[in-house]
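Have a look at the structure below before the remarks.
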Amino acid sequence: MNNYVIVRHDSFDEKTTTESTGLIYNLEARRLALTETATFNFRHVSTPKIDTLVIDVHFKSVEQNVSGQRIASKYGSMWDVVKESVATNPGDWVFLRDGELSMIIDDDKPIHLEAHESDSDVTNQAYINAMACEELCFYVIDKDILKRMCDATTIKIKLSGSKGSWAFDGLDLKTLAQKFYNGFYDETMYVKELEHHQDIEQKKNSIHIKGCFVEIVSVALALWLICSVDIYKTEYPGFVRALGILLLFIIPAAAAIISKKKRNELK
């Protein structure tokens, strides 16, 4: 085993569980104000009676608490406004247990995987009042499907439940599959590919950090300008307003866009 997988052993049940890290997909929301994600990971479970490889999917749906934000901004303190800005209501159930996970690898015949529900609940982070509908299902695969994903040129994914479905490019799962295959089955496989991926991720992180630095400095300068300059007494009020808008909004937005574009260009 290596740092690509996490291994847990339960001596009482004679059960060993090996898991990959998670890969988050931002899904197209089914209606306005919803934010919906699906986190994929690979998991192998071994006991004296079973030897199973699965794909776990953790679905999460939240809705922005717009009414709470309005009330807090009108009647609350600054802390109330900040707290309500991150507060959410539960979104909508998709009922993955009634659907399936389908894959098309390299334009071959579709693979249809039956859903098995592990858990579903409305969760709540009480401190910030963030609530969500969460569903966790697993889909049984085998080593051959995992290997095909590792070697794929294209992977198309369709995730469905009785209340919705999403189709999207699943090629990012290729790297996750390679990590799991290397960590669980054979440490000599996909070494160069994973080294290249790690190098790309380091470069992306560096670009992201630089972009964040520009954004923070710009906003800090804007706040300093607002606090230190009396706009009604300055000789150039128009210039000060324009500079404030530039520092507070335009530069941070431009930095975020440029940073994202540069990261996406790295392959």
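Chain labels follow the order of the structure tokens: the first chain is A, the next B, and so on; residue numbering restarts at 1 in every chain, and ligands are counted from 1 in their shown order.
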DSSP strand (DSSP E or B) residues within stretch 24-242 of chain A, as a ChimeraX atom specification: /A:24-27,34-46,51-64,88-90,100-105,111-114,116-125,130-141,155-161,164-169
Show me, as CSV, the residues of stretch 86-129 of chain A having an atom within 12 Å of stretch 167-171 of chain A, each with the closest atom pair and its distance in Å, using only C-alpha atoms.
residue,atom,partner,partner_atom,distance
A:Glu100,CA,A:Ala167,CA,11.9
A:Leu101,CA,A:Ala167,CA,10.0
A:Ser102,CA,A:Ala167,CA,9.1
A:Met103,CA,A:Gly170,CA,8.4
A:Ile104,CA,A:Gly170,CA,9.3
A:Ile105,CA,A:Leu171,CA,9.3
A:Asp106,CA,A:Leu171,CA,10.3
Residues as selected, all heavy atoms, written as a PDB file, in the first residue's frame, can you do that?
ATOM      1  N   GLU A 100     -29.202   4.453 -11.401  1.00  0.00           N
ATOM      2  CA  GLU A 100     -28.009   3.671 -11.728  1.00  0.00           C
ATOM      3  C   GLU A 100     -26.861   4.603 -12.097  1.00  0.00           C
ATOM      4  O   GLU A 100     -27.056   5.812 -12.325  1.00  0.00           O
ATOM      5  CB  GLU A 100     -28.279   2.704 -12.882  1.00  0.00           C
ATOM      6  CG  GLU A 100     -28.628   3.397 -14.193  1.00  0.00           C
ATOM      7  CD  GLU A 100     -28.918   2.410 -15.318  1.00  0.00           C
ATOM      8  OE1 GLU A 100     -29.094   1.217 -15.041  1.00  0.00           O
ATOM      9  OE2 GLU A 100     -28.960   2.859 -16.486  1.00  0.00           O
ATOM     10  N   LEU A 101     -25.675   4.040 -12.167  1.00  0.00           N
ATOM     11  CA  LEU A 101     -24.488   4.732 -12.667  1.00  0.00           C
ATOM     12  C   LEU A 101     -24.093   4.061 -13.974  1.00  0.00           C
ATOM     13  O   LEU A 101     -23.855   2.851 -14.003  1.00  0.00           O
ATOM     14  CB  LEU A 101     -23.339   4.651 -11.657  1.00  0.00           C
ATOM     15  CG  LEU A 101     -22.014   5.287 -12.086  1.00  0.00           C
ATOM     16  CD1 LEU A 101     -22.165   6.799 -12.234  1.00  0.00           C
ATOM     17  CD2 LEU A 101     -20.905   4.965 -11.078  1.00  0.00           C
ATOM     18  N   SER A 102     -24.064   4.837 -15.049  1.00  0.00           N
ATOM     19  CA  SER A 102     -23.728   4.292 -16.370  1.00  0.00           C
ATOM     20  C   SER A 102     -22.420   4.901 -16.853  1.00  0.00           C
ATOM     21  O   SER A 102     -22.154   6.084 -16.621  1.00  0.00           O
ATOM     22  CB  SER A 102     -24.841   4.585 -17.373  1.00  0.00           C
ATOM     23  OG  SER A 102     -26.072   4.067 -16.924  1.00  0.00           O
ATOM     24  N   MET A 103     -21.611   4.092 -17.530  1.00  0.00           N
ATOM     25  CA  MET A 103     -20.337   4.549 -18.079  1.00  0.00           C
ATOM     26  C   MET A 103     -20.180   4.066 -19.511  1.00  0.00           C
ATOM     27  O   MET A 103     -20.577   2.938 -19.840  1.00  0.00           O
ATOM     28  CB  MET A 103     -19.161   4.023 -17.244  1.00  0.00           C
ATOM     29  CG  MET A 103     -19.069   4.597 -15.858  1.00  0.00           C
ATOM     30  SD  MET A 103     -17.502   4.107 -15.047  1.00  0.00           S
ATOM     31  CE  MET A 103     -17.779   2.351 -14.838  1.00  0.00           C
ATOM     32  N   ILE A 104     -19.611   4.936 -20.351  1.00  0.00           N
ATOM     33  CA  ILE A 104     -19.187   4.538 -21.695  1.00  0.00           C
ATOM     34  C   ILE A 104     -17.682   4.798 -21.765  1.00  0.00           C
ATOM     35  O   ILE A 104     -17.238   5.945 -21.687  1.00  0.00           O
ATOM     36  CB  ILE A 104     -19.918   5.319 -22.796  1.00  0.00           C
ATOM     37  CG1 ILE A 104     -21.423   5.070 -22.717  1.00  0.00           C
ATOM     38  CG2 ILE A 104     -19.394   4.908 -24.178  1.00  0.00           C
ATOM     39  CD1 ILE A 104     -22.230   5.871 -23.730  1.00  0.00           C
ATOM     40  N   ILE A 105     -16.914   3.726 -21.877  1.00  0.00           N
ATOM     41  CA  ILE A 105     -15.449   3.828 -21.893  1.00  0.00           C
ATOM     42  C   ILE A 105     -14.961   3.634 -23.318  1.00  0.00           C
ATOM     43  O   ILE A 105     -15.228   2.596 -23.943  1.00  0.00           O
ATOM     44  CB  ILE A 105     -14.814   2.774 -20.964  1.00  0.00           C
ATOM     45  CG1 ILE A 105     -15.323   2.966 -19.527  1.00  0.00           C
ATOM     46  CG2 ILE A 105     -13.288   2.867 -21.003  1.00  0.00           C
ATOM     47  CD1 ILE A 105     -14.865   1.882 -18.567  1.00  0.00           C
ATOM     48  N   ASP A 106     -14.287   4.651 -23.843  1.00  0.00           N
ATOM     49  CA  ASP A 106     -13.744   4.602 -25.216  1.00  0.00           C
ATOM     50  C   ASP A 106     -14.808   4.228 -26.244  1.00  0.00           C
ATOM     51  O   ASP A 106     -14.566   3.421 -27.162  1.00  0.00           O
ATOM     52  CB  ASP A 106     -12.568   3.619 -25.286  1.00  0.00           C
ATOM     53  CG  ASP A 106     -11.354   4.131 -24.542  1.00  0.00           C
ATOM     54  OD1 ASP A 106     -11.235   5.360 -24.379  1.00  0.00           O
ATOM     55  OD2 ASP A 106     -10.540   3.306 -24.100  1.00  0.00           O
TER      56      ASP A 106
END
Test item: residues at most 9 Å from stretch 37-39 of chain A, only C-alpha atoms, excluding those fewer than 5 positions along its chain, as a list in words: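 Result of the neighbour search: Gly22, Leu23, Ile24, Tyr25, Asn26, Leu27, Glu28, Ala29, Asp56, Val57, His58, Phe59, Lys60 and Ser61 of chain A.
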Residues from last step as file, all heavy atoms, as a JSON list (two decimals), in the first residue's frame:
[["chain", "number", "residue", "atom", "x", "y", "z"],
["A", 22, "GLY", "N", -11.37, 11.27, -2.59],
["A", 22, "GLY", "CA", -12.59, 11.60, -3.32],
["A", 22, "GLY", "C", -12.36, 12.58, -4.46],
["A", 22, "GLY", "O", -11.43, 13.38, -4.44],
["A", 23, "LEU", "N", -13.21, 12.49, -5.47],
["A", 23, "LEU", "CA", -13.19, 13.40, -6.61],
["A", 23, "LEU", "C", -14.56, 14.06, -6.70],
["A", 23, "LEU", "O", -15.58, 13.37, -6.89],
["A", 23, "LEU", "CB", -12.88, 12.65, -7.91],
["A", 23, "LEU", "CG", -12.95, 13.45, -9.21],
["A", 23, "LEU", "CD1", -11.92, 14.56, -9.22],
["A", 23, "LEU", "CD2", -12.78, 12.54, -10.42],
["A", 24, "ILE", "N", -14.60, 15.39, -6.59],
["A", 24, "ILE", "CA", -15.87, 16.12, -6.53],
["A", 24, "ILE", "C", -16.24, 16.64, -7.92],
["A", 24, "ILE", "O", -15.44, 17.29, -8.59],
["A", 24, "ILE", "CB", -15.78, 17.30, -5.54],
["A", 24, "ILE", "CG1", -15.46, 16.80, -4.13],
["A", 24, "ILE", "CG2", -17.09, 18.08, -5.53],
["A", 24, "ILE", "CD1", -15.25, 17.92, -3.12],
["A", 25, "TYR", "N", -17.47, 16.36, -8.32],
["A", 25, "TYR", "CA", -18.04, 16.92, -9.54],
["A", 25, "TYR", "C", -19.13, 17.93, -9.15],
["A", 25, "TYR", "O", -20.02, 17.61, -8.37],
["A", 25, "TYR", "CB", -18.67, 15.83, -10.41],
["A", 25, "TYR", "CG", -17.68, 15.02, -11.20],
["A", 25, "TYR", "CD1", -17.19, 13.82, -10.71],
["A", 25, "TYR", "CD2", -17.22, 15.47, -12.45],
["A", 25, "TYR", "CE1", -16.28, 13.06, -11.45],
["A", 25, "TYR", "CE2", -16.31, 14.73, -13.18],
["A", 25, "TYR", "CZ", -15.85, 13.52, -12.68],
["A", 25, "TYR", "OH", -14.94, 12.79, -13.40],
["A", 26, "ASN", "N", -19.04, 19.14, -9.71],
["A", 26, "ASN", "CA", -20.10, 20.13, -9.54],
["A", 26, "ASN", "C", -21.16, 19.86, -10.60],
["A", 26, "ASN", "O", -20.90, 19.99, -11.80],
["A", 26, "ASN", "CB", -19.54, 21.54, -9.68],
["A", 26, "ASN", "CG", -18.58, 21.89, -8.57],
["A", 26, "ASN", "OD1", -18.87, 21.68, -7.40],
["A", 26, "ASN", "ND2", -17.42, 22.42, -8.92],
["A", 27, "LEU", "N", -22.36, 19.49, -10.17],
["A", 27, "LEU", "CA", -23.42, 19.10, -11.08],
["A", 27, "LEU", "C", -24.25, 20.31, -11.50],
["A", 27, "LEU", "O", -24.34, 21.30, -10.76],
["A", 27, "LEU", "CB", -24.33, 18.07, -10.42],
["A", 27, "LEU", "CG", -23.63, 16.81, -9.87],
["A", 27, "LEU", "CD1", -24.65, 15.94, -9.13],
["A", 27, "LEU", "CD2", -22.97, 16.02, -10.99],
["A", 28, "GLU", "N", -24.85, 20.21, -12.67],
["A", 28, "GLU", "CA", -25.77, 21.26, -13.11],
["A", 28, "GLU", "C", -27.02, 21.21, -12.24],
["A", 28, "GLU", "O", -27.72, 20.19, -12.18],
["A", 28, "GLU", "CB", -26.13, 21.06, -14.58],
["A", 28, "GLU", "CG", -27.02, 22.15, -15.14],
["A", 28, "GLU", "CD", -27.32, 21.97, -16.61],
["A", 28, "GLU", "OE1", -26.69, 21.09, -17.23],
["A", 28, "GLU", "OE2", -28.20, 22.68, -17.13],
["A", 29, "ALA", "N", -27.30, 22.31, -11.55],
["A", 29, "ALA", "CA", -28.41, 22.33, -10.59],
["A", 29, "ALA", "C", -29.75, 22.13, -11.30],
["A", 29, "ALA", "O", -29.98, 22.62, -12.40],
["A", 29, "ALA", "CB", -28.43, 23.65, -9.83],
["A", 56, "ASP", "N", -18.08, 4.45, -4.82],
["A", 56, "ASP", "CA", -18.99, 5.18, -3.93],
["A", 56, "ASP", "C", -19.34, 6.52, -4.57],
["A", 56, "ASP", "O", -18.48, 7.20, -5.15],
["A", 56, "ASP", "CB", -18.33, 5.45, -2.58],
["A", 56, "ASP", "CG", -18.24, 4.21, -1.72],
["A", 56, "ASP", "OD1", -19.23, 3.45, -1.67],
["A", 56, "ASP", "OD2", -17.19, 3.99, -1.10],
["A", 57, "VAL", "N", -20.60, 6.93, -4.44],
["A", 57, "VAL", "CA", -21.03, 8.26, -4.87],
["A", 57, "VAL", "C", -21.75, 8.93, -3.71],
["A", 57, "VAL", "O", -22.75, 8.40, -3.20],
["A", 57, "VAL", "CB", -21.94, 8.20, -6.11],
["A", 57, "VAL", "CG1", -22.43, 9.61, -6.46],
["A", 57, "VAL", "CG2", -21.22, 7.60, -7.30],
["A", 58, "HIS", "N", -21.23, 10.07, -3.31],
["A", 58, "HIS", "CA", -21.83, 10.86, -2.23],
["A", 58, "HIS", "C", -22.47, 12.10, -2.86],
["A", 58, "HIS", "O", -21.78, 13.02, -3.29],
["A", 58, "HIS", "CB", -20.75, 11.25, -1.21],
["A", 58, "HIS", "CG", -21.25, 12.11, -0.10],
["A", 58, "HIS", "ND1", -20.42, 12.72, 0.81],
["A", 58, "HIS", "CD2", -22.50, 12.47, 0.29],
["A", 58, "HIS", "CE1", -21.12, 13.41, 1.67],
["A", 58, "HIS", "NE2", -22.40, 13.28, 1.37],
["A", 59, "PHE", "N", -23.79, 12.11, -2.92],
["A", 59, "PHE", "CA", -24.54, 13.22, -3.52],
["A", 59, "PHE", "C", -24.95, 14.21, -2.43],
["A", 59, "PHE", "O", -25.36, 13.81, -1.34],
["A", 59, "PHE", "CB", -25.78, 12.69, -4.24],
["A", 59, "PHE", "CG", -26.72, 13.77, -4.71],
["A", 59, "PHE", "CD1", -26.44, 14.49, -5.86],
["A", 59, "PHE", "CD2", -27.87, 14.06, -3.99],
["A", 59, "PHE", "CE1", -27.31, 15.49, -6.29],
["A", 59, "PHE", "CE2", -28.74, 15.06, -4.42],
["A", 59, "PHE", "CZ", -28.46, 15.76, -5.56],
["A", 60, "LYS", "N", -24.84, 15.51, -2.75],
["A", 60, "LYS", "CA", -25.19, 16.55, -1.79],
["A", 60, "LYS", "C", -25.94, 17.67, -2.50],
["A", 60, "LYS", "O", -25.52, 18.13, -3.55],
["A", 60, "LYS", "CB", -23.92, 17.11, -1.12],
["A", 60, "LYS", "CG", -24.17, 18.12, -0.01],
["A", 60, "LYS", "CD", -22.86, 18.51, 0.66],
["A", 60, "LYS", "CE", -23.07, 19.47, 1.82],
["A", 60, "LYS", "NZ", -21.79, 19.82, 2.47],
["A", 61, "SER", "N", -27.06, 18.09, -1.91],
["A", 61, "SER", "CA", -27.88, 19.15, -2.49],
["A", 61, "SER", "C", -28.21, 20.18, -1.42],
["A", 61, "SER", "O", -28.76, 19.83, -0.36],
["A", 61, "SER", "CB", -29.17, 18.57, -3.08],
["A", 61, "SER", "OG", -29.99, 19.58, -3.62]]
Distance criterion (only C-alpha atoms): nearest to A:Thr21 out of A:Gln202, A:Thr153, A:Thr175, A:Ser165: A:Thr175
Using only C-alpha atoms: which of A:Met149, A:Arg263, A:Thr123, A:Gly164 has the shortest distance to A:Ile200: A:Arg263
Which of A:Met131, A:Ala220, A:Val191, A:Ala177 sits closest to A:Lys143 [using only C-alpha atoms]: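 Result for the nearest residue to A:Lys143: A:Ala177.
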Helix (DSSP H, G or I) positions in stretch 132-205 of chain A, given as a PyMOL selection string: chain A and resi 143-150+172-185+191-205
Within 12 Å of A:Glu193 using only C-alpha atoms, minus same-chain residues under 5 positions, as a list of chain:residue names: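 Contacts, in chain order: A:Cys150, A:Asp151, A:Lys174, A:Thr175, A:Leu176, A:Ala177, A:Gln178, A:Lys179, A:Asn182, A:Thr188, A:Gln198, A:Asp199, A:Ile200, A:Lys267.
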Could you give me, as CSV, a per-residue list for stretch 111-208 of chain A showing, wherever an atom lies at most 9 Å from an atom of stretch 237-260 of chain A, the closest pair of atoms and their distance in Å to one decimal, using only C-alpha atoms and sorting by chain then residue number from low to high?
residue,atom,partner,partner_atom,distance
A:Lys204,CA,A:Ser259,CA,8.7
A:Ile207,CA,A:Ser259,CA,6.2
A:His208,CA,A:Ser259,CA,6.1
Residues within 6 Å of A:Asp142, only C-alpha atoms, excluding chain neighbours under 2 positions, as a VMD selection string: chain A and resid 53 144 to 145
Distance criterion (only C-alpha atoms): nearest to A:Thr35 out of A:Thr17, A:Asp51, A:Val62, A:His9: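 Ranked by minimum distance to A:Thr35, first place goes to A:Val62.
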